[in-house]
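Below: upload.cif (mmCIF, C-alpha atoms)
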```cif
data_query
#
loop_
_atom_site.label_atom_id
_atom_site.label_comp_id
_atom_site.auth_asym_id
_atom_site.auth_seq_id
_atom_site.Cartn_x
_atom_site.Cartn_y
_atom_site.Cartn_z
CA MET A 1 -5.06 24.68 -5.17
CA ARG A 2 -6.38 24.18 -1.66
CA ARG A 3 -4.16 22.41 0.83
CA ASP A 4 -6.75 19.74 1.69
CA SER A 5 -6.82 18.70 -1.97
CA LEU A 6 -3.19 17.57 -1.67
CA TYR A 7 -4.29 14.71 0.58
CA LEU A 8 -6.62 13.49 -2.15
CA ILE A 9 -3.92 13.84 -4.80
CA ALA A 10 -1.55 11.83 -2.61
CA ALA A 11 -4.28 9.21 -2.12
CA LEU A 12 -4.74 8.89 -5.89
CA ILE A 13 -1.01 8.74 -6.56
CA TRP A 14 -0.65 5.88 -4.07
CA GLY A 15 -4.04 4.20 -4.42
CA LEU A 16 -4.42 3.79 -8.17
CA PRO A 17 -1.17 1.84 -8.60
CA GLY A 18 -2.15 -0.12 -5.49
CA VAL A 19 -5.35 -1.32 -7.14
CA THR A 20 -3.55 -2.29 -10.34
CA ILE A 21 -0.76 -4.09 -8.49
CA SER A 22 -3.23 -5.88 -6.21
CA ILE A 23 -5.22 -7.16 -9.17
CA LYS A 24 -2.06 -8.48 -10.81
CA GLY A 25 -0.91 -10.15 -7.59
CA PHE A 26 -4.20 -11.80 -6.67
CA THR A 27 -4.80 -12.88 -10.27
CA ALA A 28 -1.37 -14.52 -10.30
CA TYR A 29 -2.33 -16.41 -7.13
CA GLY A 30 -5.14 -18.00 -9.13
CA ASP A 31 -2.59 -19.51 -11.51
CA VAL A 32 -0.12 -20.75 -8.87
CA LEU A 33 -0.08 -24.45 -8.10
CA PRO A 34 -1.87 -25.14 -4.79
CA ALA A 35 1.18 -27.06 -3.53
CA LYS A 36 3.18 -23.80 -3.50
CA LEU A 37 0.70 -21.81 -1.45
CA TRP A 38 2.13 -23.00 1.87
CA TRP A 39 5.14 -20.72 1.42
CA LEU A 40 3.74 -18.03 -0.88
CA ILE A 41 0.97 -16.83 1.42
CA PRO A 42 3.30 -16.31 4.42
CA LEU A 43 5.74 -14.58 2.06
CA SER A 44 2.99 -12.20 0.92
CA VAL A 45 2.12 -11.47 4.55
CA ALA A 46 5.77 -10.73 5.34
CA ILE A 47 6.04 -8.41 2.34
CA ALA A 48 2.80 -6.66 3.28
CA THR A 49 3.99 -6.23 6.86
CA SER A 50 7.26 -4.70 5.70
CA PHE A 51 5.52 -2.23 3.41
CA PHE A 52 2.94 -1.43 6.10
CA TYR A 53 5.63 -0.12 8.43
CA ILE A 54 7.50 1.70 5.66
CA PHE A 55 4.41 3.35 4.20
CA ARG A 56 2.96 4.20 7.63
CA ARG A 57 5.98 6.40 8.37
CA VAL A 58 5.97 7.95 4.89
CA VAL A 59 2.25 8.80 5.01
CA ALA A 60 2.61 10.31 8.48
CA LYS A 61 5.61 12.40 7.36
CA TYR A 62 3.91 13.67 4.21
CA SER A 63 0.63 14.33 6.01
CA VAL A 64 2.41 16.51 8.57
CA ARG A 65 4.12 18.31 5.71
CA ILE A 66 0.78 18.99 4.01
CA SER A 67 -0.93 20.07 7.24
CA GLU A 68 1.75 22.71 7.86
CA MET A 69 1.34 24.36 4.45
CA SER A 70 -0.59 27.51 3.72
CA ASP A 71 -4.08 27.08 2.32
CA LYS A 72 -3.11 27.86 -1.29
CA VAL A 73 -0.37 25.62 -2.64
CA SER A 74 0.90 23.97 -5.81
CA VAL A 75 0.25 20.32 -6.58
CA TRP A 76 4.02 19.88 -6.66
CA ASP A 77 4.10 20.69 -2.96
CA THR A 78 2.29 17.43 -2.16
CA PHE A 79 5.62 15.68 -1.61
CA PRO A 80 9.17 16.90 -1.09
CA LYS A 81 11.64 16.44 -3.94
CA SER A 82 12.87 13.22 -2.34
CA GLY A 83 9.26 11.97 -2.27
CA TRP A 84 8.79 12.63 -5.97
CA ALA A 85 12.12 10.90 -6.61
CA LEU A 86 10.93 7.88 -4.62
CA LEU A 87 7.70 7.75 -6.61
CA LEU A 88 9.57 7.98 -9.91
CA PHE A 89 11.93 5.23 -8.78
CA MET A 90 9.04 2.98 -7.76
CA MET A 91 7.20 3.61 -11.01
CA GLY A 92 10.35 2.95 -13.02
CA LEU A 93 11.00 -0.25 -11.12
CA GLY A 94 7.41 -1.32 -11.71
CA MET A 95 7.71 -0.67 -15.44
CA LEU A 96 11.00 -2.53 -15.55
CA LEU A 97 9.49 -5.55 -13.78
CA GLY A 98 6.51 -5.44 -16.12
CA ASN A 99 8.77 -5.64 -19.15
CA ILE A 100 11.07 -8.42 -17.99
CA PRO A 101 10.00 -11.62 -19.72
CA ASN A 102 9.41 -14.81 -17.77
CA ILE A 103 9.20 -13.36 -14.27
CA PRO A 104 8.14 -16.29 -12.09
CA LEU A 105 4.45 -16.37 -11.30
CA GLU A 106 5.32 -16.97 -7.65
CA PHE A 107 7.15 -13.64 -7.51
CA THR A 108 4.25 -11.78 -9.07
CA ALA A 109 1.74 -13.44 -6.73
CA SER A 110 3.66 -12.96 -3.50
CA PHE A 111 5.26 -9.55 -4.08
CA TYR A 112 2.36 -7.81 -5.79
CA SER A 113 -0.28 -9.13 -3.39
CA GLY A 114 1.86 -7.85 -0.51
CA LEU A 115 2.67 -4.45 -2.01
CA GLY A 116 -0.65 -3.55 -3.65
CA PRO A 117 -2.92 -3.66 -0.59
CA MET A 118 -0.40 -1.63 1.41
CA LEU A 119 -0.42 1.09 -1.26
CA ILE A 120 -4.23 1.13 -1.02
CA LEU A 121 -4.02 1.32 2.76
CA ALA A 122 -1.59 4.25 2.46
CA ALA A 123 -4.08 6.01 0.18
CA ILE A 124 -6.85 5.44 2.72
CA ARG A 125 -4.64 6.90 5.45
CA PHE A 126 -4.13 10.06 3.37
CA VAL A 127 -7.92 10.43 3.11
CA ILE A 128 -8.33 9.82 6.86
CA ASN A 129 -5.63 12.40 7.59
CA ARG A 130 -7.42 14.90 5.36
CA ASN A 131 -10.68 14.36 7.20
CA SER A 132 -9.03 14.72 10.61
CA GLU A 133 -7.48 18.09 9.73
#
```

Please rewrite the model in this file as structure tokens.
Amino acid sequence: MRRDSLYLIAALIWGLPGVTISIKGFTAYGDVLPAKLWWLIPLSVAIATSFFYIFRRVVAKYSVRISEMSDKVSVWDTFPKSGWALLLFMMGLGMLLGNIPNIPLEFTASFYSGLGPMLILAAIRFVINRNSE
């Protein structure tokens, strides 16, 4: 596979869950009592800000890794082993959270609406990095 395709694969791996998580988070906001929004919205912003800085470093690190590869590579070279382990951990945690009954709506609204858009932004950054190569 061509090296520049790895950026798109990374964008899909990060972006598709981001869309799903965002939809869940913003939908949950629709069901939250308006009286609770005064603390949930700032919490979502804080969560988004945290993930922004974390994901910004990760995307930069993985983009440099991809840019330094030869032109013909395997899809498994998109991320280092630790990156694949991180993705598996995040997916497992997401599945676990999805199967825990009675998770508070406030958690779903604040956490998911903070995390989801930052995953989408990370995916966009992979595409931008591909185009700047």

Residue nearest Gly25 of chain A - candidates A:Leu40, A:Met69, A:Val127, A:Ala109, atoms counted: only C-alpha atoms: A:Ala109

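Put simply, the PyMOL selection byres ((chain A and resi 91-103) around 12) on this file hits A:Ile13, A:Trp14, A:Leu16, A:Pro17, A:Gly18, A:Thr20, A:Ile21, A:Lys24, A:Ala28, A:Trp84, A:Ala85, A:Leu86, A:Leu87, A:Leu88, A:Phe89, A:Met90, A:Pro104, A:Leu105, A:Glu106, A:Phe107, A:Thr108, A:Ala109, A:Phe111, A:Tyr112, A:Leu115, A:Gly116.
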
Applied to the shown file, which residues does the PyMOL selection byres ((chain A and resi 3) around 9) return, written as a list in words?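 The output of the PyMOL selection byres ((chain A and resi 3) around 9) on this file is Met1, Arg2, Asp4, Ser5, Leu6, Tyr7, Ile66, Ser67, Met69, Ser70, Asp71, Lys72, Val73, Ser74, Val75 and Thr78 of chain A.
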
Have a look at A:Val45, A:Val64, A:Val59, A:Ala10 and name the one nearest to Pro117 of chain A; count all atoms listed in the file.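 So, comparing all the options, the nearest one is A:Val45.
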
Exercise: Met118 of chain A partners within 7 Å, only C-alpha atoms, chain neighbours under 5 positions left out, as a PyMOL selection string: chain A and resi 48+51-52

Kindly give the distance, in Å, that separates atom CA of Ser22 of chain A and atom CA of Asp77 of chain A, rounded to a single decimal.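 For atom CA of Ser22 of chain A relative to atom CA of Asp77 of chain A, the distance reads 27.8 Å.
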
Please measure the separation of atom CA of Pro80 of chain A and atom CA of Ile23 of chain A, giving the value in Å to one decimal.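 Calculated distance between atom CA of Pro80 of chain A and atom CA of Ile23 of chain A is 29.2 Å.
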
Kindly give the distance, in Å, that separates atom CA of Ser110 of chain A and atom CA of Ser44 of chain A, rounded to a single decimal.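 Computed distance, atom CA of Ser110 of chain A to atom CA of Ser44 of chain A, equals 4.5 Å.
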
Counting only C-alpha atoms, the option among A:Leu37, A:Phe126, A:Leu43, A:Val19 closest to Arg65 of chain A: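 Smallest separation from Arg65 of chain A among the options: A:Phe126.
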
Is it possible to get the axis-aligned box enclosing segment 117-120 of chain A (all listed atoms, 4 Å extra per side) as AutoDock Vina command-line options, with centre and edge lengths in Å rounded to one decimal?
```
--center_x -2.3 --center_y -1.3 --center_z 0.1 --size_x 11.8 --size_y 12.8 --size_z 10.7
```

For the PyMOL selection byres ((chain A and resi 125) around 12), applied here, can you spell out every residue it catches as number ranges by chain? A: 7-8, 10-12, 14-15, 52, 55-63, 118-124, 126-132
